[in-house]
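This is start-v1.cif. It holds mmCIF, C-alpha atoms.
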```cif
data_final
loop_
_atom_site.label_atom_id
_atom_site.label_comp_id
_atom_site.auth_asym_id
_atom_site.auth_seq_id
_atom_site.Cartn_x
_atom_site.Cartn_y
_atom_site.Cartn_z
CA MET A 140 0.20 0.58 9.16
CA LEU A 141 -3.29 -0.90 9.37
CA ALA A 142 -6.45 0.29 7.65
CA ASP A 143 -9.76 0.88 9.40
CA LEU A 144 -11.92 -2.16 8.62
CA SER A 145 -14.66 -1.40 11.13
CA GLY A 146 -17.96 -2.75 9.87
CA LYS A 147 -16.27 -5.11 7.39
CA LYS A 148 -16.56 -8.90 7.40
CA ILE A 149 -13.54 -10.96 6.32
CA LEU A 150 -13.73 -14.68 5.66
CA VAL A 151 -10.37 -16.45 5.96
CA GLY A 152 -9.97 -19.92 4.47
CA VAL A 153 -7.08 -22.12 5.59
CA THR A 154 -5.92 -25.35 3.93
CA GLY A 155 -3.54 -28.17 4.79
CA SER A 156 -0.10 -26.55 4.59
CA ILE A 157 2.76 -26.22 7.03
CA ALA A 158 2.45 -22.45 6.41
CA ILE A 159 -0.86 -22.47 8.28
CA TYR A 160 0.83 -20.93 11.34
CA LYS A 161 1.13 -17.66 9.39
CA ALA A 162 -2.65 -17.59 9.00
CA CYS A 163 -2.93 -16.92 12.73
CA GLU A 164 -0.99 -13.68 12.31
CA LEU A 165 -3.04 -12.74 9.24
CA VAL A 166 -6.28 -13.23 11.16
CA ARG A 167 -4.88 -11.16 14.02
CA LEU A 168 -4.13 -8.27 11.62
CA PHE A 169 -7.74 -8.24 10.41
CA VAL A 170 -9.04 -8.33 13.98
CA LYS A 171 -6.75 -5.45 15.01
CA SER A 172 -8.14 -3.47 12.06
CA GLY A 173 -11.63 -3.74 13.52
CA ALA A 174 -13.06 -6.29 11.08
CA ARG A 175 -15.34 -9.15 11.99
CA VAL A 176 -13.34 -12.24 11.01
CA GLN A 177 -14.57 -15.79 10.53
CA VAL A 178 -12.41 -18.76 9.61
CA VAL A 179 -13.30 -21.76 7.47
CA MET A 180 -10.98 -24.79 7.59
CA SER A 181 -10.52 -27.60 5.13
CA PRO A 182 -10.30 -31.11 6.63
CA SER A 183 -6.56 -31.19 5.86
CA ALA A 184 -6.02 -27.92 7.71
CA GLN A 185 -7.30 -29.51 10.91
CA LYS A 186 -4.39 -31.95 10.80
CA PHE A 187 -2.03 -29.03 11.43
CA ILE A 188 -3.99 -26.83 13.84
CA THR A 189 -7.26 -27.00 15.79
CA PRO A 190 -10.27 -24.73 15.23
CA LEU A 191 -9.96 -23.57 18.85
CA THR A 192 -6.86 -21.54 17.96
CA PHE A 193 -8.74 -19.40 15.44
CA GLU A 194 -11.82 -19.17 17.65
CA ALA A 195 -9.68 -17.71 20.44
CA ILE A 196 -8.36 -15.00 18.09
CA THR A 197 -11.63 -14.14 16.30
CA ARG A 198 -14.23 -14.88 18.99
CA GLU A 199 -16.21 -16.47 16.15
CA LYS A 200 -17.12 -20.12 15.62
CA VAL A 201 -14.92 -21.77 12.98
CA LEU A 202 -16.70 -23.42 10.07
CA CYS A 203 -15.34 -26.90 9.39
CA GLU A 204 -16.70 -30.34 8.50
CA GLY A 205 -17.55 -31.10 12.12
CA SER A 206 -19.18 -27.77 12.99
CA GLU A 207 -21.46 -27.16 10.00
CA GLU A 208 -25.13 -26.94 10.93
CA TRP A 209 -28.32 -25.94 9.17
CA HIS A 210 -30.49 -24.75 12.04
CA SER A 211 -28.21 -21.68 12.24
CA SER A 212 -26.11 -19.65 9.77
CA LEU A 213 -22.97 -21.74 10.38
CA ASN A 214 -22.92 -23.44 6.99
CA HIS A 215 -21.18 -23.09 3.64
CA ILE A 216 -24.05 -21.10 2.09
CA ASP A 217 -24.70 -18.52 4.82
CA VAL A 218 -21.15 -17.90 6.08
CA PRO A 219 -19.83 -16.46 2.76
CA GLN A 220 -22.84 -14.18 2.41
CA ASN A 221 -22.13 -10.48 3.03
CA ALA A 222 -18.38 -11.07 3.42
CA ASP A 223 -16.47 -8.10 2.03
CA ALA A 224 -13.53 -10.34 1.16
CA PHE A 225 -12.68 -14.03 1.20
CA VAL A 226 -8.97 -14.78 1.45
CA ILE A 227 -7.59 -18.31 1.24
CA ALA A 228 -4.17 -18.41 2.89
CA PRO A 229 -2.39 -20.74 2.66
CA ALA A 230 -3.84 -22.10 -0.58
CA THR A 231 -2.32 -25.49 -1.46
CA ALA A 232 -1.78 -26.68 -5.04
CA ASN A 233 -4.67 -29.11 -4.53
CA THR A 234 -7.00 -26.28 -3.51
CA ILE A 235 -5.83 -24.03 -6.37
CA ASN A 236 -6.43 -26.70 -9.01
CA LYS A 237 -9.85 -27.65 -7.66
CA LEU A 238 -10.87 -24.02 -7.23
CA SER A 239 -10.15 -23.22 -10.89
CA LYS A 240 -12.33 -26.13 -12.01
CA GLY A 241 -15.25 -25.28 -9.73
CA ILE A 242 -14.83 -28.46 -7.70
CA ALA A 243 -16.43 -28.25 -4.25
CA ASP A 244 -15.61 -31.52 -2.50
CA ASN A 245 -14.87 -30.01 0.91
CA ILE A 246 -16.43 -27.29 3.02
CA LEU A 247 -13.86 -24.60 2.17
CA LEU A 248 -14.25 -25.12 -1.58
CA SER A 249 -18.03 -25.14 -1.17
CA CYS A 250 -17.80 -21.74 0.52
CA ALA A 251 -15.63 -20.43 -2.32
CA LEU A 252 -18.12 -21.64 -4.94
CA ALA A 253 -20.93 -19.91 -3.04
CA TYR A 254 -19.00 -16.62 -2.86
CA ASP A 255 -19.17 -14.04 -5.66
CA LYS A 256 -17.23 -10.96 -4.49
CA ASN A 257 -13.57 -10.31 -3.66
CA LEU A 258 -11.71 -13.63 -3.63
CA ILE A 259 -7.98 -13.59 -2.81
CA ILE A 260 -5.65 -16.57 -2.71
CA ALA A 261 -2.11 -16.84 -1.36
CA PRO A 262 -0.43 -20.00 -2.73
CA ALA A 263 1.88 -22.12 -0.58
CA ALA A 264 3.27 -25.28 -2.17
CA ASN A 265 6.35 -27.24 -3.13
CA THR A 266 8.16 -25.54 -6.04
CA GLN A 267 7.52 -28.39 -8.48
CA MET A 268 3.84 -28.60 -7.52
CA LEU A 269 3.48 -24.84 -7.92
CA ASN A 270 5.35 -24.75 -11.25
CA SER A 271 3.44 -27.69 -12.68
CA HIS A 272 1.70 -26.64 -15.89
CA TYR A 273 -1.56 -27.81 -14.31
CA THR A 274 -1.16 -25.45 -11.33
CA GLN A 275 0.12 -22.60 -13.49
CA GLY A 276 -2.84 -23.06 -15.83
CA SER A 277 -5.19 -22.99 -12.84
CA LEU A 278 -3.62 -19.77 -11.53
CA LYS A 279 -4.03 -18.13 -14.94
CA MET A 280 -7.65 -19.24 -15.10
CA LEU A 281 -8.33 -17.85 -11.62
CA ALA A 282 -6.68 -14.53 -12.56
CA VAL A 283 -8.86 -14.27 -15.68
CA ASN A 284 -11.86 -14.70 -13.40
CA ASP A 285 -10.77 -11.74 -11.25
CA VAL A 286 -9.31 -13.74 -8.38
CA ALA A 287 -6.49 -11.74 -6.76
CA ILE A 288 -3.32 -13.80 -6.34
CA VAL A 289 -0.67 -12.90 -3.75
CA GLN A 290 2.59 -14.24 -5.16
CA PRO A 291 4.56 -16.66 -2.96
CA GLN A 292 8.11 -16.01 -1.77
CA GLU A 293 11.32 -17.64 -2.92
CA LYS A 294 13.19 -19.22 -0.02
CA LEU A 295 14.11 -22.55 1.58
CA LEU A 296 10.83 -24.47 1.83
CA ALA A 297 9.81 -26.90 4.56
CA CYS A 298 10.38 -29.78 2.13
CA GLY A 299 14.06 -28.82 1.87
CA VAL A 300 13.81 -27.40 -1.66
CA GLU A 301 14.96 -23.84 -2.29
CA GLY A 302 12.67 -21.95 -4.66
CA SER A 303 9.27 -20.32 -5.09
CA GLY A 304 6.36 -21.58 -3.03
CA ALA A 305 6.66 -20.12 0.46
CA LEU A 306 3.55 -18.29 1.63
CA ALA A 307 3.76 -14.51 1.31
CA GLU A 308 4.19 -12.56 4.54
CA PRO A 309 0.92 -11.99 6.46
CA LEU A 310 1.19 -8.20 6.06
CA GLU A 311 1.50 -8.55 2.26
CA ILE A 312 -1.62 -10.76 2.18
CA TYR A 313 -3.39 -8.31 4.48
CA TYR A 314 -2.59 -5.40 2.17
CA ALA A 315 -3.78 -7.32 -0.91
CA THR A 316 -7.07 -8.13 0.85
CA VAL A 317 -7.65 -4.53 1.93
CA LYS A 318 -6.96 -3.45 -1.66
CA GLU A 319 -9.80 -5.64 -2.89
CA ILE A 320 -12.14 -4.00 -0.38
CA TYR A 321 -11.06 -0.40 -1.05
CA LYS A 322 -10.41 -0.55 -4.81
CA ASP A 323 -11.86 2.35 -6.78
CA SER A 324 -12.32 2.34 -10.56
CA PHE A 325 -11.18 5.98 -10.68
CA TRP A 326 -7.74 5.10 -9.30
CA GLU A 327 -7.31 1.64 -10.82
CA ASP A 328 -4.40 1.57 -13.30
CA ARG A 329 -3.77 5.29 -12.79
CA LYS A 330 -0.12 6.33 -12.46
CA VAL A 331 0.62 8.27 -9.29
CA VAL A 332 3.91 9.77 -8.08
CA VAL A 333 4.38 10.55 -4.36
CA SER A 334 7.38 12.30 -2.81
CA GLY A 335 8.17 11.96 0.88
CA GLY A 336 10.58 12.50 3.75
CA GLY A 337 12.93 15.38 4.47
CA THR A 338 15.80 15.87 2.04
CA ILE A 339 19.34 15.32 3.29
CA GLU A 340 21.88 17.94 2.24
CA PRO A 341 25.50 16.77 2.80
CA ILE A 342 28.05 18.96 4.61
CA ASP A 343 30.71 16.27 4.42
CA GLU A 344 30.60 12.49 4.30
CA VAL A 345 29.35 12.16 7.91
CA ARG A 346 27.32 15.36 8.49
CA PHE A 347 24.25 16.78 6.81
CA ILE A 348 21.43 19.33 7.04
CA SER A 349 17.90 17.99 7.16
CA ASN A 350 14.55 18.50 8.92
CA TYR A 351 12.16 16.63 11.21
CA SER A 352 9.97 15.13 8.48
CA SER A 353 9.42 11.43 9.24
CA GLY A 354 8.01 10.47 5.83
CA LYS A 355 5.01 8.83 7.54
CA MET A 356 2.38 10.92 5.74
CA ALA A 357 3.87 10.13 2.33
CA ASN A 358 4.08 6.43 3.19
CA ALA A 359 0.45 6.47 4.35
CA LEU A 360 -0.62 8.21 1.15
CA ALA A 361 1.30 5.72 -1.01
CA LEU A 362 -0.41 2.88 0.85
CA ALA A 363 -3.87 4.48 0.55
CA LEU A 364 -3.39 4.95 -3.20
CA TYR A 365 -2.27 1.32 -3.50
CA PHE A 366 -5.44 0.27 -1.66
CA LYS A 367 -7.45 2.26 -4.20
CA GLY A 368 -5.77 0.45 -7.10
CA ALA A 369 -3.30 3.10 -8.31
CA ASP A 370 0.10 2.30 -9.81
CA VAL A 371 2.24 4.09 -7.20
CA CYS A 372 5.83 5.33 -7.44
CA LEU A 373 7.18 6.65 -4.12
CA VAL A 374 10.29 8.86 -4.17
CA THR A 375 11.42 9.31 -0.58
CA THR A 376 14.28 9.80 1.85
CA LYS A 377 12.47 7.65 4.44
CA PRO A 378 11.42 4.36 2.79
CA ASP A 379 9.18 1.96 4.71
CA SER A 380 10.03 -1.71 4.20
CA SER A 381 6.56 -2.75 5.37
CA LEU A 382 4.84 -1.15 2.36
CA PRO A 383 3.47 -3.56 -0.27
CA SER A 384 6.06 -4.72 -2.80
CA ALA A 385 3.81 -3.34 -5.55
CA VAL A 386 4.56 0.22 -4.34
CA TYR A 387 7.63 1.05 -6.43
CA THR A 388 9.96 2.89 -4.04
CA LEU A 389 12.99 4.99 -4.94
CA GLU A 390 15.23 6.11 -2.09
CA VAL A 391 16.92 9.50 -2.54
CA GLN A 392 18.79 11.93 -0.32
CA SER A 393 19.36 15.49 -1.53
CA ALA A 394 16.94 17.98 -3.07
CA ALA A 395 18.84 17.79 -6.35
CA GLU A 396 18.56 13.99 -6.41
CA MET A 397 14.86 14.12 -5.57
CA GLN A 398 14.25 16.65 -8.35
CA GLU A 399 16.02 14.43 -10.89
CA TYR A 400 14.13 11.28 -9.92
CA LEU A 401 10.76 13.04 -9.75
CA ALA A 402 11.23 14.48 -13.24
CA ASP A 403 11.92 10.96 -14.57
CA CYS A 404 8.97 9.43 -12.70
CA ILE A 405 6.59 12.11 -13.96
CA ARG A 406 7.78 11.57 -17.53
CA VAL A 407 7.08 7.84 -17.21
CA ALA A 408 3.70 8.47 -15.52
CA LYS A 409 2.53 10.62 -18.41
CA LYS A 410 3.00 7.69 -20.79
CA GLY A 411 0.16 5.85 -19.06
CA LYS A 412 -0.18 2.38 -17.60
CA VAL A 413 0.81 -0.51 -19.87
CA LYS A 414 -1.41 -3.52 -19.31
CA LYS A 415 -0.64 -7.06 -20.34
CA ALA A 416 -3.05 -8.86 -22.58
CA SER A 417 -5.58 -11.50 -21.72
CA LEU A 418 -4.92 -15.22 -21.46
CA ASN A 419 -6.37 -15.67 -24.96
CA ASN A 420 -3.98 -13.12 -26.51
CA PRO A 421 -0.79 -13.02 -24.41
CA GLN A 422 1.26 -11.03 -26.95
CA ALA A 423 -0.98 -7.97 -27.14
CA VAL A 424 -0.70 -5.03 -24.76
CA SER A 425 -2.85 -1.99 -24.11
CA VAL A 426 -2.18 1.42 -22.56
CA VAL A 427 -4.50 3.02 -19.99
CA ASN A 428 -4.27 6.79 -20.47
CA LYS A 429 -5.73 8.12 -17.24
CA LYS A 430 -4.36 11.51 -16.19
CA PRO A 431 -1.57 10.92 -13.64
CA TYR A 432 -1.26 12.56 -10.22
CA LEU A 433 1.66 14.01 -8.28
CA PHE A 434 1.46 14.31 -4.48
CA MET A 435 4.41 16.44 -3.34
CA VAL A 436 4.54 15.48 0.34
CA ALA A 437 8.31 15.75 0.80
CA ALA A 438 9.82 18.46 3.02
CA VAL A 439 12.50 19.78 0.69
CA ALA A 440 15.38 21.76 2.22
CA ASP A 441 15.38 25.44 1.25
CA TYR A 442 19.18 25.59 1.50
CA THR A 443 22.09 23.24 0.92
CA PRO A 444 25.80 23.58 1.75
CA LYS A 445 27.56 25.49 -1.03
CA TYR A 446 30.75 23.43 -0.82
CA PRO A 447 30.08 19.86 0.42
CA GLN A 448 33.37 18.24 1.41
CA GLU A 449 34.81 14.80 0.84
CA GLY A 450 35.80 12.85 3.94
CA LYS A 451 35.16 14.15 7.47
CA LEU A 452 35.92 17.73 8.48
CA LYS A 453 38.01 17.81 11.68
CA LYS A 454 37.38 20.09 14.65
CA ASP A 455 41.00 21.14 14.92
CA MET A 456 40.89 22.26 11.29
CA LEU A 457 37.59 24.15 11.65
CA GLY A 458 38.43 25.95 14.89
CA SER A 459 36.16 27.03 17.75
CA GLU A 460 33.69 28.72 15.39
CA TRP A 461 32.48 27.51 12.04
CA ALA A 462 30.57 29.53 9.45
CA LEU A 463 28.80 27.21 7.04
CA GLU A 464 28.06 28.80 3.66
CA LEU A 465 24.69 27.80 2.17
CA LYS A 466 23.00 28.29 -1.17
CA GLN A 467 19.31 28.19 -1.97
CA THR A 468 17.95 24.96 -3.47
CA GLU A 469 15.77 25.09 -6.54
CA ASP A 470 12.03 25.00 -5.83
CA ILE A 471 11.24 21.47 -7.04
CA LEU A 472 7.49 21.87 -7.16
CA LYS A 473 7.71 25.09 -9.14
CA SER A 474 10.33 23.75 -11.56
CA LEU A 475 8.72 20.42 -12.48
CA ASN A 476 6.81 20.11 -15.75
CA LYS A 477 3.26 19.86 -14.43
CA GLU A 478 1.50 19.94 -17.79
CA GLY A 479 -0.75 16.90 -18.12
CA ILE A 480 -0.46 15.88 -14.47
CA ILE A 481 -2.69 16.83 -11.54
CA THR A 482 -0.48 18.19 -8.78
CA ILE A 483 -1.15 18.43 -5.06
CA GLY A 484 1.37 20.12 -2.78
CA PHE A 485 1.76 19.73 0.98
CA LYS A 486 2.66 22.51 3.36
CA ALA A 487 3.51 22.32 7.07
CA GLU A 488 3.08 25.49 9.16
CA LYS A 489 3.56 26.34 12.84
CA ASP A 490 1.87 29.74 12.98
CA GLU A 491 -1.88 29.24 12.83
CA LYS A 492 -2.50 32.95 12.16
CA THR A 493 -0.59 33.06 8.88
CA ALA A 494 -0.80 29.39 7.80
CA LEU A 495 -3.87 29.67 5.58
CA GLU A 496 -2.64 32.80 3.83
CA ASN A 497 0.79 31.25 3.19
CA ALA A 498 -0.81 28.09 1.79
CA LYS A 499 -2.99 30.07 -0.62
CA LYS A 500 0.04 32.03 -1.83
CA ALA A 501 1.91 28.77 -2.44
CA LEU A 502 -1.06 27.36 -4.35
CA GLU A 503 -0.86 30.25 -6.80
CA SER A 504 2.92 30.75 -7.00
CA LYS A 505 3.73 27.09 -7.60
CA GLY A 506 1.01 26.59 -10.22
CA ILE A 507 -0.58 23.53 -8.60
CA ASP A 508 -4.14 22.21 -8.44
CA ALA A 509 -4.48 21.89 -4.66
CA ILE A 510 -2.49 22.13 -1.47
CA ALA A 511 -2.83 20.11 1.74
CA LEU A 512 -2.10 22.38 4.69
CA ASN A 513 -0.87 20.78 7.91
CA ILE A 514 -0.83 23.16 10.88
CA LEU A 515 1.49 21.37 13.29
CA GLY A 516 0.26 20.88 16.85
CA LYS A 517 0.79 18.70 19.90
CA GLU A 518 -1.01 15.66 18.47
CA ASN A 519 0.05 16.06 14.86
CA ASN A 520 3.66 17.16 15.17
CA PHE A 521 6.59 15.75 13.19
CA GLY A 522 6.82 11.98 13.56
CA SER A 523 3.32 11.51 15.00
CA ASP A 524 0.91 8.88 13.68
CA LYS A 525 -1.95 11.38 13.39
CA ASN A 526 -2.59 14.35 11.17
CA GLU A 527 -5.06 17.15 10.50
CA ILE A 528 -5.32 18.65 7.02
CA ILE A 529 -7.00 21.60 5.33
CA PHE A 530 -7.40 20.72 1.65
CA ILE A 531 -7.30 23.93 -0.37
CA THR A 532 -8.10 24.52 -4.04
CA SER A 533 -8.61 27.80 -5.92
CA ASN A 534 -12.28 27.87 -4.94
CA SER A 535 -12.71 25.68 -1.87
CA GLU A 536 -11.36 24.68 1.54
CA GLN A 537 -12.16 21.43 3.30
CA LYS A 538 -10.88 20.40 6.71
CA LEU A 539 -10.01 16.81 7.57
CA GLU A 540 -10.21 16.54 11.35
CA LEU A 541 -7.50 14.89 13.44
CA ASN A 542 -7.24 11.21 12.56
CA SER A 543 -4.69 8.48 11.85
CA LYS A 544 -2.48 9.26 8.90
CA ILE A 545 -3.79 6.29 6.91
CA ASN A 546 -7.40 7.48 7.37
CA ILE A 547 -6.39 11.04 6.43
CA ALA A 548 -4.66 9.63 3.35
CA LEU A 549 -7.76 7.68 2.32
CA SER A 550 -9.86 10.84 2.69
CA LEU A 551 -7.34 12.76 0.59
CA THR A 552 -7.70 10.24 -2.25
CA ASN A 553 -11.42 11.01 -2.33
CA LEU A 554 -10.87 14.78 -2.36
CA ALA A 555 -8.18 14.47 -5.04
CA LYS A 556 -10.61 12.69 -7.37
CA GLU A 557 -12.60 15.90 -7.73
CA LEU A 558 -9.62 17.62 -9.36
CA ASP A 559 -9.85 15.50 -12.52
CA SER A 560 -12.43 17.08 -14.79
CA GLU A 561 -11.89 14.65 -17.66
#
```
Encoding of this model in structure tokens:
Amino acid sequence: MLADLSGKKILVGVTGSIAIYKACELVRLFVKSGARVQVVMSPSAQKFITPLTFEAITREKVLCEGSEEWHSSLNHIDVPQNADAFVIAPATANTINKLSKGIADNILLSCALAYDKNLIIAPAANTQMLNSHYTQGSLKMLAVNDVAIVQPQEKLLACGVEGSGALAEPLEIYYATVKEIYKDSFWEDRKVVVSGGGTIEPIDEVRFISNYSSGKMANALALALYFKGADVCLVTTKPDSSLPSAVYTLEVQSAAEMQEYLADCIRVAKKGKVKKASLNNPQAVSVVNKKPYLFMVAAVADYTPKYPQEGKLKKDMLGSEWALELKQTEDILKSLNKEGIITIGFKAEKDEKTALENAKKALESKGIDAIALNILGKENNFGSDKNEIIFITSNSEQKLELNSKINIALSLTNLAKELDSE
């Protein structure tokens, strides 16, 4: 799920690591998102891959020791200017340690020193080099100076050592970069709970009742809130493994299970965001008490089998006709303790004539702050990648025209901000 980066400029720095091949995929993700991408290579990086590779992907001249010129803007002062983000991936231990000390003895480090906005680094190094107290001290110093660090993976490294140091996946680095571009002080460190997917009500151990909800809108909303800087907990029946690891995801099945987990998540969210202390005082902690949000996107089953069975029910036992007895599920949104949390419900309707009236009734009966009405159509049906929303509060209605679900989700985060009067 890619964000819209049209009109954005991304500078990608690559250093001398065997993980450099992943940088090609990272650059491709930015290009597919509509961003203008330019690559700057350290001299060591050119030992692994040629500038031509990146130029073919970006259609932009690569800045390196041999290409820098001063009769144009292709130099370490002009290239970083107006970049919305500068991501160094892979960042070797050598680059990390020099970067933290302000050393600029190659063209990539010179660019970094001349850049003063959103700097992101993704380390890739041998485990011992990464865990060295020098490198760890440098990473802490960079973090104190607001450099975003994308943690490396633990796996078998190219050097034959198993441990931390492998470059994070390109999509994870991409998400972290987009977050730096989209971050919003309103959402930063704010606890947000999102529910998603269609609940699964068991008939027996192989059959169930559910609905057509794909969970895509909830996943898009969780991602959009992550981009904005929120601390997101996603409770869903349809988890998405491609979401950032920082989106805390709980997989559930039935309405009863979802209700239980949501109640726990809301209780935790109301306690606020606990932040670790600064480098100078590592023992102290602080709590950010921003009012939390609940986005109830899940399509919860109205009924569940009254007597779910163990094992598999057999046809010869059931006969040619089978009457399944159902009982009504509890209305999760109505039952949750919504005091101290801003709550936004979601409602899908097929009948355009009654949809708005039904949504307004739900807004009042469920005691929520707003409701996002989705009138299903050909282009925004269940499972589609697009949506169209009418955002309804007690005194306003605002339509979000048909767009990708991630763009709709980003727009919803802006509308939801207006609900917090504190």
Please write the residues picked by the PyMOL selection byres ((chain A and resi 273) around 12) on this file as a ChimeraX atom specification. /A:232-233,235-237,239-240,267-272,274-280
List the spatial neighbours of Cys372 (chain A) as JSON, numbers by chain - criterion: any atom at most 8 Å away, only C-alpha atoms, same-chain residues fewer than 5 positions off excluded. {"A": [330, 331, 332, 333, 361, 386, 387, 388, 389, 404]}
Do you know which residues the PyMOL selection byres ((chain A and resi 261) around 8) returns on this file, as a PDB file with C-alpha atoms, in the coordinates of the input?
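Okay, result-v4.pdb is ready:
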```pdb
ATOM      1  CA  VAL A 226      -8.970 -14.780   1.450  1.00  0.00           C
ATOM      2  CA  ILE A 227      -7.590 -18.310   1.240  1.00  0.00           C
ATOM      3  CA  ALA A 228      -4.170 -18.410   2.890  1.00  0.00           C
ATOM      4  CA  PRO A 229      -2.390 -20.740   2.660  1.00  0.00           C
ATOM      5  CA  ALA A 230      -3.840 -22.100  -0.580  1.00  0.00           C
ATOM      6  CA  ILE A 259      -7.980 -13.590  -2.810  1.00  0.00           C
ATOM      7  CA  ILE A 260      -5.650 -16.570  -2.710  1.00  0.00           C
ATOM      8  CA  PRO A 262      -0.430 -20.000  -2.730  1.00  0.00           C
ATOM      9  CA  ALA A 263       1.880 -22.120  -0.580  1.00  0.00           C
ATOM     10  CA  ILE A 288      -3.320 -13.800  -6.340  1.00  0.00           C
ATOM     11  CA  VAL A 289      -0.670 -12.900  -3.750  1.00  0.00           C
ATOM     12  CA  GLN A 290       2.590 -14.240  -5.160  1.00  0.00           C
ATOM     13  CA  PRO A 291       4.560 -16.660  -2.960  1.00  0.00           C
ATOM     14  CA  LEU A 306       3.550 -18.290   1.630  1.00  0.00           C
ATOM     15  CA  ALA A 307       3.760 -14.510   1.310  1.00  0.00           C
ATOM     16  CA  ILE A 312      -1.620 -10.760   2.180  1.00  0.00           C
TER      17      ILE A 312
END
```
So how many Å separate CA of Ala264 (chain A) and CA of Gly304 (chain A), to one decimal?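 About the pair CA of Ala264 (chain A) and CA of Gly304 (chain A): they are 4.9 Å apart.
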Evaluate the PyMOL selection byres ((chain A and resi 485) around 7) and report residues as a short mmCIF file (atom, residue, chain, number, x, y, z; two decimals) with C-alpha atoms, in the frame of the given file:
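And here's expr_22.cif as it stands now:
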```cif
data_model
loop_
_atom_site.label_atom_id
_atom_site.label_comp_id
_atom_site.auth_asym_id
_atom_site.auth_seq_id
_atom_site.Cartn_x
_atom_site.Cartn_y
_atom_site.Cartn_z
CA MET A 435 4.41 16.44 -3.34
CA VAL A 436 4.54 15.48 0.34
CA ILE A 483 -1.15 18.43 -5.06
CA GLY A 484 1.37 20.12 -2.78
CA LYS A 486 2.66 22.51 3.36
CA ALA A 487 3.51 22.32 7.07
CA ILE A 510 -2.49 22.13 -1.47
CA ALA A 511 -2.83 20.11 1.74
CA LEU A 512 -2.10 22.38 4.69
#
```
Closest to Gln220 (chain A) among A:Met180, A:Leu150, A:Ala315, A:Ile157, using all atoms listed in the file? A:Leu150
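Between CA of Ile242 (chain A) and CA of Leu281 (chain A) the interatomic distance comes to 13.0 Å.
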